[in-house]
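Visitor: Coordinates in protein17.cif, mmCIF, C-alpha atoms and all ligand atoms, are listed below.
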data_my_file
loop_
_atom_site.label_atom_id
_atom_site.label_comp_id
_atom_site.auth_asym_id
_atom_site.auth_seq_id
_atom_site.Cartn_x
_atom_site.Cartn_y
_atom_site.Cartn_z
CA MET A 311 -34.87 -3.16 -156.15
CA LYS A 312 -32.82 -6.28 -156.58
CA ILE A 313 -29.85 -7.16 -158.75
CA GLU A 314 -31.21 -9.46 -161.49
CA VAL A 315 -29.42 -12.50 -162.87
CA TRP A 316 -30.31 -13.82 -166.32
CA GLN A 317 -28.77 -16.57 -168.44
CA GLY A 318 -28.47 -15.98 -172.18
CA ASP A 319 -27.02 -13.83 -174.95
CA ILE A 320 -26.57 -10.20 -173.83
CA THR A 321 -26.98 -8.94 -177.43
CA THR A 322 -30.69 -9.88 -177.35
CA LEU A 323 -31.58 -7.69 -174.36
CA ALA A 324 -33.76 -4.62 -174.91
CA VAL A 325 -32.14 -2.64 -172.10
CA ASP A 326 -30.86 0.95 -172.19
CA ALA A 327 -27.21 -0.09 -172.00
CA ILE A 328 -25.27 -3.29 -172.44
CA VAL A 329 -21.69 -3.47 -171.23
CA ASN A 330 -19.03 -4.92 -173.52
CA ALA A 331 -15.98 -6.76 -172.17
CA ALA A 332 -13.55 -5.18 -174.62
CA ASN A 333 -9.79 -4.70 -174.94
CA GLU A 334 -7.88 -1.44 -174.78
CA SER A 335 -7.93 -0.92 -178.55
CA LEU A 336 -11.76 -1.04 -178.66
CA LEU A 337 -11.40 -2.58 -182.14
CA GLY A 338 -13.34 -5.76 -181.37
CA GLY A 339 -12.30 -9.29 -180.59
CA GLY A 340 -13.86 -12.64 -179.71
CA GLY A 341 -16.22 -13.64 -176.92
CA VAL A 342 -18.89 -11.15 -175.94
CA ASP A 343 -16.95 -8.36 -177.74
CA GLY A 344 -17.24 -10.28 -181.00
CA ALA A 345 -20.92 -11.08 -180.39
CA ILE A 346 -21.76 -7.43 -179.69
CA HIS A 347 -19.92 -6.18 -182.78
CA ARG A 348 -21.59 -8.80 -184.99
CA ALA A 349 -25.05 -7.97 -183.68
CA ALA A 350 -24.54 -4.19 -183.71
CA GLY A 351 -23.18 -4.13 -187.25
CA PRO A 352 -20.14 -2.41 -188.78
CA GLN A 353 -21.13 1.06 -187.57
CA LEU A 354 -20.11 0.02 -184.07
CA LEU A 355 -16.50 -0.48 -185.15
CA ASP A 356 -16.60 2.89 -186.94
CA ALA A 357 -17.86 4.53 -183.74
CA CYS A 358 -15.11 2.85 -181.69
CA ARG A 359 -12.44 3.89 -184.21
CA ALA A 360 -13.69 7.49 -183.87
CA LEU A 361 -12.97 7.47 -180.11
CA PRO A 362 -9.68 9.24 -179.35
CA GLU A 363 -6.56 7.16 -178.68
CA ILE A 364 -4.92 8.16 -175.42
CA ARG A 365 -1.81 6.50 -176.73
CA PRO A 366 -1.15 4.46 -179.88
CA GLY A 367 -3.48 1.46 -179.89
CA MET A 368 -5.24 2.39 -176.61
CA ARG A 369 -8.70 4.02 -176.57
CA CYS A 370 -9.79 2.72 -173.17
CA PRO A 371 -7.38 1.83 -170.33
CA THR A 372 -8.13 -1.22 -168.18
CA GLY A 373 -10.76 -0.40 -165.56
CA GLU A 374 -12.19 2.51 -167.57
CA VAL A 375 -15.30 2.74 -169.76
CA ARG A 376 -16.30 4.40 -173.05
CA GLN A 377 -19.79 4.87 -174.55
CA THR A 378 -21.02 4.37 -178.13
CA PRO A 379 -24.49 3.99 -179.68
CA ALA A 380 -25.70 0.41 -180.04
CA PHE A 381 -26.79 0.64 -183.72
CA ASN A 382 -28.55 -2.63 -184.73
CA LEU A 383 -28.72 -3.97 -181.17
CA PRO A 384 -32.05 -3.69 -179.24
CA ALA A 385 -30.14 -1.71 -176.58
CA LYS A 386 -29.56 2.05 -176.88
CA HIS A 387 -25.95 2.28 -175.70
CA VAL A 388 -22.89 0.05 -175.55
CA PHE A 389 -20.55 0.78 -172.63
CA HIS A 390 -17.15 -0.62 -173.57
CA THR A 391 -15.11 -1.49 -170.52
CA VAL A 392 -11.78 -3.30 -170.27
CA GLY A 393 -11.38 -5.83 -167.51
CA PRO A 394 -8.01 -6.88 -166.08
CA VAL A 395 -6.17 -9.92 -167.41
CA TRP A 396 -5.91 -12.31 -164.45
CA GLN A 397 -2.30 -12.95 -163.40
CA ASP A 398 -2.08 -13.76 -159.70
CA GLY A 399 -4.48 -11.36 -158.02
CA LEU A 400 -1.61 -9.25 -156.74
CA ARG A 401 -1.45 -6.84 -159.68
CA ASP A 402 -4.52 -4.76 -158.77
CA GLU A 403 -6.85 -7.10 -160.67
CA PRO A 404 -9.66 -6.91 -158.04
CA ALA A 405 -9.63 -3.10 -157.94
CA LEU A 406 -9.49 -2.81 -161.72
CA LEU A 407 -12.40 -5.24 -162.14
CA ALA A 408 -14.40 -3.38 -159.49
CA ASN A 409 -13.76 -0.15 -161.41
CA CYS A 410 -15.24 -1.67 -164.58
CA TYR A 411 -18.57 -2.10 -162.75
CA TRP A 412 -18.46 1.11 -160.73
CA LYS A 413 -17.43 3.40 -163.62
CA SER A 414 -20.04 1.80 -165.91
CA LEU A 415 -22.69 2.52 -163.26
CA GLN A 416 -21.44 6.12 -162.88
CA LEU A 417 -21.71 6.56 -166.66
CA ALA A 418 -25.21 5.02 -166.59
CA GLU A 419 -26.31 7.49 -163.92
CA LYS A 420 -24.80 10.40 -165.89
CA LEU A 421 -26.69 9.36 -169.07
CA ASP A 422 -29.90 8.71 -167.10
CA VAL A 423 -29.86 5.05 -168.12
CA GLU A 424 -32.72 3.09 -166.51
CA SER A 425 -31.50 -0.45 -167.19
CA ILE A 426 -28.03 -1.90 -167.69
CA ALA A 427 -26.77 -5.42 -168.36
CA PHE A 428 -23.26 -6.67 -167.60
CA PRO A 429 -21.51 -9.77 -168.98
CA ALA A 430 -19.10 -11.59 -166.68
CA ILE A 431 -16.21 -9.20 -167.37
CA SER A 432 -12.75 -10.83 -167.53
CA CYS A 433 -14.17 -14.34 -166.92
CA GLY A 434 -13.43 -15.62 -170.43
CA VAL A 435 -10.24 -14.94 -172.39
CA PHE A 436 -8.88 -12.78 -169.55
CA GLY A 437 -9.04 -15.76 -167.20
CA TYR A 438 -10.41 -14.19 -164.02
CA PRO A 439 -11.46 -16.90 -161.52
CA LEU A 440 -15.25 -17.04 -161.79
CA HIS A 441 -16.22 -17.00 -158.12
CA GLN A 442 -13.87 -14.13 -157.28
CA ALA A 443 -15.18 -12.14 -160.24
CA ALA A 444 -18.80 -12.92 -159.32
CA HIS A 445 -18.17 -11.68 -155.78
CA ILE A 446 -16.80 -8.38 -157.15
CA ALA A 447 -19.72 -8.01 -159.60
CA ALA A 448 -22.25 -8.66 -156.82
CA THR A 449 -20.49 -6.37 -154.32
CA GLU A 450 -20.14 -3.42 -156.69
CA THR A 451 -23.67 -3.61 -158.10
CA LEU A 452 -25.36 -4.16 -154.73
CA THR A 453 -23.35 -1.36 -153.10
CA TRP A 454 -24.26 0.98 -155.95
CA GLN A 455 -27.94 0.07 -155.92
CA ARG A 456 -28.20 0.55 -152.15
CA SER A 457 -27.05 4.18 -152.48
CA HIS A 458 -28.29 5.31 -155.93
CA ARG A 459 -31.66 5.52 -157.73
CA GLN A 460 -30.32 5.10 -161.30
CA PRO A 461 -29.94 2.78 -163.07
CA ARG A 462 -33.12 1.26 -161.64
CA ARG A 463 -32.46 -2.18 -163.18
CA ILE A 464 -29.06 -3.86 -163.01
CA ILE A 465 -28.78 -7.25 -164.70
CA LEU A 466 -25.86 -9.66 -164.41
CA VAL A 467 -25.86 -11.81 -167.55
CA ALA A 468 -24.53 -15.35 -167.33
CA TYR A 469 -23.68 -17.09 -170.60
CA ASN A 470 -23.63 -20.50 -168.94
CA ALA A 471 -25.06 -22.31 -165.92
CA ALA A 472 -21.81 -22.17 -163.94
CA THR A 473 -21.76 -18.37 -164.16
CA PHE A 474 -25.47 -18.17 -163.29
CA LYS A 475 -24.86 -20.25 -160.15
CA ALA A 476 -21.76 -18.21 -159.24
CA TYR A 477 -23.80 -14.99 -159.39
CA GLN A 478 -26.62 -16.54 -157.37
CA SER A 479 -24.31 -17.64 -154.58
CA ALA A 480 -22.33 -14.39 -154.59
CA LEU A 481 -25.53 -12.34 -154.21
CA ALA A 482 -26.96 -14.72 -151.60
CA ALA A 483 -23.72 -14.43 -149.59
CA LEU A 484 -24.27 -10.65 -149.59
CA GLY A 485 -27.83 -11.04 -148.35
CA GLN A 486 -29.74 -10.87 -151.63
CA PRO A 487 -31.41 -14.12 -152.75
CA VAL A 488 -32.02 -14.12 -156.51
CA GLU A 489 -35.25 -14.90 -158.34
CA PRO A 490 -34.96 -15.61 -162.09
CA SER A 491 -35.81 -12.49 -164.10
CA THR A 492 -39.12 -12.74 -165.95
CA SER A 493 -39.81 -9.14 -166.97
CA ALA A 494 -40.59 -7.74 -170.40
CA ILE A 495 -37.04 -7.41 -171.65
CA PHE A 496 -36.79 -11.18 -171.36
CA ALA A 497 -40.24 -11.68 -172.92
CA PRO A 498 -38.95 -13.27 -176.15
CA LEU A 499 -37.33 -15.99 -174.12
CA ALA A 500 -40.24 -16.27 -171.73
CA LEU A 501 -42.54 -16.78 -174.73
CA GLY A 502 -40.23 -19.53 -175.90
CA LEU A 503 -39.28 -17.52 -178.99
CA PRO A 504 -35.63 -17.64 -180.02
CA PRO A 505 -34.13 -14.21 -179.26
CA ALA A 506 -33.56 -13.38 -182.94
CA ALA A 507 -37.25 -13.81 -183.76
CA ALA A 508 -38.22 -11.26 -181.17
CA HIS A 509 -37.05 -8.10 -182.96
N1 LIG A 601 -23.63 -12.82 -174.05
C1 LIG A 601 -23.29 -12.80 -172.72
N2 LIG A 601 -22.09 -13.24 -172.25
C2 LIG A 601 -21.22 -13.73 -173.17
C3 LIG A 601 -21.50 -13.77 -174.56
C4 LIG A 601 -22.78 -13.30 -174.98
N3 LIG A 601 -23.14 -13.31 -176.28
N4 LIG A 601 -20.42 -14.33 -175.20
C5 LIG A 601 -19.51 -14.61 -174.26
N5 LIG A 601 -19.98 -14.27 -173.03
C6 LIG A 601 -19.35 -14.42 -171.71
C7 LIG A 601 -18.26 -15.43 -171.60
O1 LIG A 601 -18.82 -16.73 -171.47
C8 LIG A 601 -17.59 -14.96 -170.32
O2 LIG A 601 -18.30 -15.44 -169.18
O3 LIG A 601 -18.71 -13.19 -171.41
C9 LIG A 601 -17.75 -13.43 -170.37
C10 LIG A 601 -16.48 -12.67 -170.71
O4 LIG A 601 -15.68 -13.44 -171.60
P1 LIG A 601 -14.92 -12.74 -172.84
O5 LIG A 601 -15.89 -12.30 -173.83
O6 LIG A 601 -13.84 -13.69 -173.26
O7 LIG A 601 -14.25 -11.41 -172.20
P2 LIG A 601 -12.98 -11.24 -171.25
O8 LIG A 601 -12.66 -12.45 -170.48
O9 LIG A 601 -13.26 -9.94 -170.53
O10 LIG A 601 -11.80 -11.02 -172.30
C11 LIG A 601 -11.80 -9.84 -173.06
O11 LIG A 601 -11.58 -11.05 -175.09
O12 LIG A 601 -13.02 -10.97 -176.84
C12 LIG A 601 -11.86 -10.47 -176.37
O13 LIG A 601 -11.72 -8.27 -177.33
C13 LIG A 601 -11.92 -8.99 -176.12
O14 LIG A 601 -9.55 -8.84 -175.80
C14 LIG A 601 -10.80 -8.84 -175.13
C15 LIG A 601 -10.94 -10.09 -174.28
#
Write out the structure in this file as structure tokens.

Guide:
Amino acid sequence: MKIEVWQGDITTLAVDAIVNAANESLLGGGGVDGAIHRAAGPQLLDACRALPEIRPGMRCPTGEVRQTPAFNLPAKHVFHTVGPVWQDGLRDEPALLANCYWKSLQLAEKLDVESIAFPAISCGVFGYPLHQAAHIAATETLTWQRSHRQPRRIILVAYNAATFKAYQSALAALGQPVEPSTSAIFAPLALGLPPAAAH
């Protein structure tokens, strides 16, 4: 199997699990967090609020992951992970970002998830340098896939061309050239339908 790279809106993907780039409160936000909450509907926020706080205002520490249903999304699960805020690269940011991928994959294996899609965690509001983050995403997912059977499909979702290219070159540098994904879960786009019309 190969790591797949796809450009578009992660909320449209009919995969078993989509990963959310959240914050420690798990109470929503902007970027992909906002898009996922809007598409999932208000029950997602209720489900996040029901998750236990490990201290006031924190339901998920940076580098960890929590699971909720996906409600109105085509996916079955949302894995909420919290990436590091980029400072200078000397505050454990690489290890924390790597954990977001690795712990999400461990959770996927535990829940017998077949397919999982990741956004570019920490590459928006949290300011992580794109190419460094892409290298970590490619390294963690390729390492996992080379030693595990599940999840069978791992998709890195780029929301723009720059991110798509960064993933392509990061994977190529690790020995995996990337073909564009054309399988069923992308069918709506392949048929030229706007994602919303597909479900
Ligand atoms: N589908 C796929 N990727 C998306 C989508 C989408 N619908 N919307 C945004 N993205 C991309 C961004 O372009 C970026 O590459 O997700 C990546 C992560 O950016 P952010 O969503 O800003 O997440 P992050 O940098 O991890 O910051 C997290 O932002 O939204 C708040 O509550 C969130 O406080 C948390 C912080």

Visitor: Distance table requested - segment 317-350 of chain A against segment 403-411 of chain A, cut-off 12 Å, only C-alpha atoms: one row per qualifying residue with the closest atom pair and its distance in Å to one decimal, ordered by chain and rising residue number, as JSON lines.

Guide:
{"residue": "A:Ile328", "atom": "CA", "partner": "A:Tyr411", "partner_atom": "CA", "distance": 11.8}
{"residue": "A:Val329", "atom": "CA", "partner": "A:Tyr411", "partner_atom": "CA", "distance": 9.1}
{"residue": "A:Asn330", "atom": "CA", "partner": "A:Cys410", "partner_atom": "CA", "distance": 10.2}
{"residue": "A:Ala331", "atom": "CA", "partner": "A:Cys410", "partner_atom": "CA", "distance": 9.2}
{"residue": "A:Ala332", "atom": "CA", "partner": "A:Cys410", "partner_atom": "CA", "distance": 10.8}

Visitor: For the selection you just gave me, I'd like the residues written to a file as an mmCIF file, in the coordinates of the input, keeping C-alpha atoms.

Guide:
data_model
loop_
_atom_site.group_PDB
_atom_site.id
_atom_site.type_symbol
_atom_site.label_atom_id
_atom_site.label_comp_id
_atom_site.auth_asym_id
_atom_site.auth_seq_id
_atom_site.Cartn_x
_atom_site.Cartn_y
_atom_site.Cartn_z
ATOM 1 C CA ILE A 328 -25.270 -3.290 -172.440
ATOM 2 C CA VAL A 329 -21.690 -3.470 -171.230
ATOM 3 C CA ASN A 330 -19.030 -4.920 -173.520
ATOM 4 C CA ALA A 331 -15.980 -6.760 -172.170
ATOM 5 C CA ALA A 332 -13.550 -5.180 -174.620
#

Visitor: Within 10 Å of segment 417-423 of chain A, which residues of segment 324-369 of chain A show up? Give each one with its shortest atom-to-atom distance in Å (one decimal) and the two atoms involved, counting all atoms listed in the file, rows by chain then rising residue number, as CSV.

Guide:
residue,atom,partner,partner_atom,distance
A:Val325,CA,A:Val423,CA,9.0
A:Asp326,CA,A:Val423,CA,5.9
A:Ala327,CA,A:Val423,CA,7.0

Visitor: Could you write out that same residue set with C-alpha atoms as a compact mmCIF listing (two decimals), keeping the file's coordinate frame?

Guide:
# COMPACT_ATOMS: atom_id res chain seq x y z
CA VAL A 325 -32.14 -2.64 -172.10
CA ASP A 326 -30.86 0.95 -172.19
CA ALA A 327 -27.21 -0.09 -172.00

Visitor: Can you work out which one of A:Val488, A:Val342, A:Ala483, A:Leu336 has the shortest atom-to-atom distance to ligand LIG 601 (chain A), counting only C-alpha atoms and all ligand atoms?

Guide: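 Among the listed residues, the smallest separation from ligand LIG 601 (chain A) belongs to A:Val342.
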
Visitor: Quick one: residues within 12 Å of segment 396-399 of chain A, all atoms listed in the file counted, chain neighbours fewer than 4 positions away excluded, as number ranges by chain?

Guide: A: 372, 403-407, 431-440, 442-443

Visitor: Env of Ile426 of chain A: 10 Å cut, atoms = only C-alpha atoms, seq-sep filter 5 positions within chain, self excluded. Answer as a PyMOL selection string.

Guide: chain A and resi 323-329+385+387-389+414-415+418+460-466

Visitor: Pick out the closest residue to Gly318 of chain A from this set: A:Ala430, A:Thr449, A:Lys413, A:Gly485. Count only C-alpha atoms.

Guide: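 Residue with the minimum atom-to-atom distance to Gly318 of chain A: A:Ala430.
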
Visitor: Atom CA of Ala357 of chain A to atom CA of Thr378 of chain A: how many Å, to one decimal?

Guide: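 We find that atom CA of Ala357 of chain A and atom CA of Thr378 of chain A lie 6.4 Å from each other.
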
Visitor: When you count all atoms listed in the file, which of these residues is closest to ligand LIG 601 (chain A): A:Leu383, A:Cys370, A:Ala345, A:Ala471?

Guide: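 Once distances to ligand LIG 601 (chain A) are computed over all atoms listed in the file, the minimum belongs to A:Ala345.
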
Visitor: Can you work out the spacing between atom CA of His347 of chain A and atom CA of Gln478 of chain A in Å, to one decimal?

Guide: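 Result for atom CA of His347 of chain A versus atom CA of Gln478 of chain A: 28.2 Å, one decimal.
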
Visitor: Using all atoms listed in the file, can you tell me which of A:Val395, A:Phe428, A:Pro379, A:Arg365 comes closest to Ala468 of chain A?

Guide: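 Looking only at the distances to Ala468 of chain A, the closest residue turns out to be A:Phe428.
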
Visitor: I'd like the neighbourhood of Ala350 of chain A as a tab-separated table (two decimals) with C-alpha atoms, in the frame of the given file, where a residue qualifies if any of its atoms comes within 9 Å (using all atoms listed in the file), though same-chain residues fewer than 3 positions away should be ignored.

Guide:
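Writing the result to out_6.tsv gives the following:
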chain	number	residue	atom	x	y	z
A	321	THR	CA	-26.98	-8.94	-177.43
A	345	ALA	CA	-20.92	-11.08	-180.39
A	346	ILE	CA	-21.76	-7.43	-179.69
A	347	HIS	CA	-19.92	-6.18	-182.78
A	353	GLN	CA	-21.13	1.06	-187.57
A	354	LEU	CA	-20.11	0.02	-184.07
A	355	LEU	CA	-16.50	-0.48	-185.15
A	380	ALA	CA	-25.70	0.41	-180.04
A	381	PHE	CA	-26.79	0.64	-183.72
A	382	ASN	CA	-28.55	-2.63	-184.73
A	383	LEU	CA	-28.72	-3.97	-181.17
A	384	PRO	CA	-32.05	-3.69	-179.24

Visitor: Please report the interatomic distance between atom CA of Gly340 of chain A and atom CA of Glu450 of chain A in Å with one decimal.

Guide: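 We find that atom CA of Gly340 of chain A and atom CA of Glu450 of chain A lie 25.6 Å from each other.
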
Visitor: Write out as a PyMOL selection string each polymer residue whose atoms come within 12 Å of His441 of chain A, counting only C-alpha atoms; drop sequence neighbours fewer than 5 positions from it.

Guide: chain A and resi 430+432-433+446-448+472-481+483
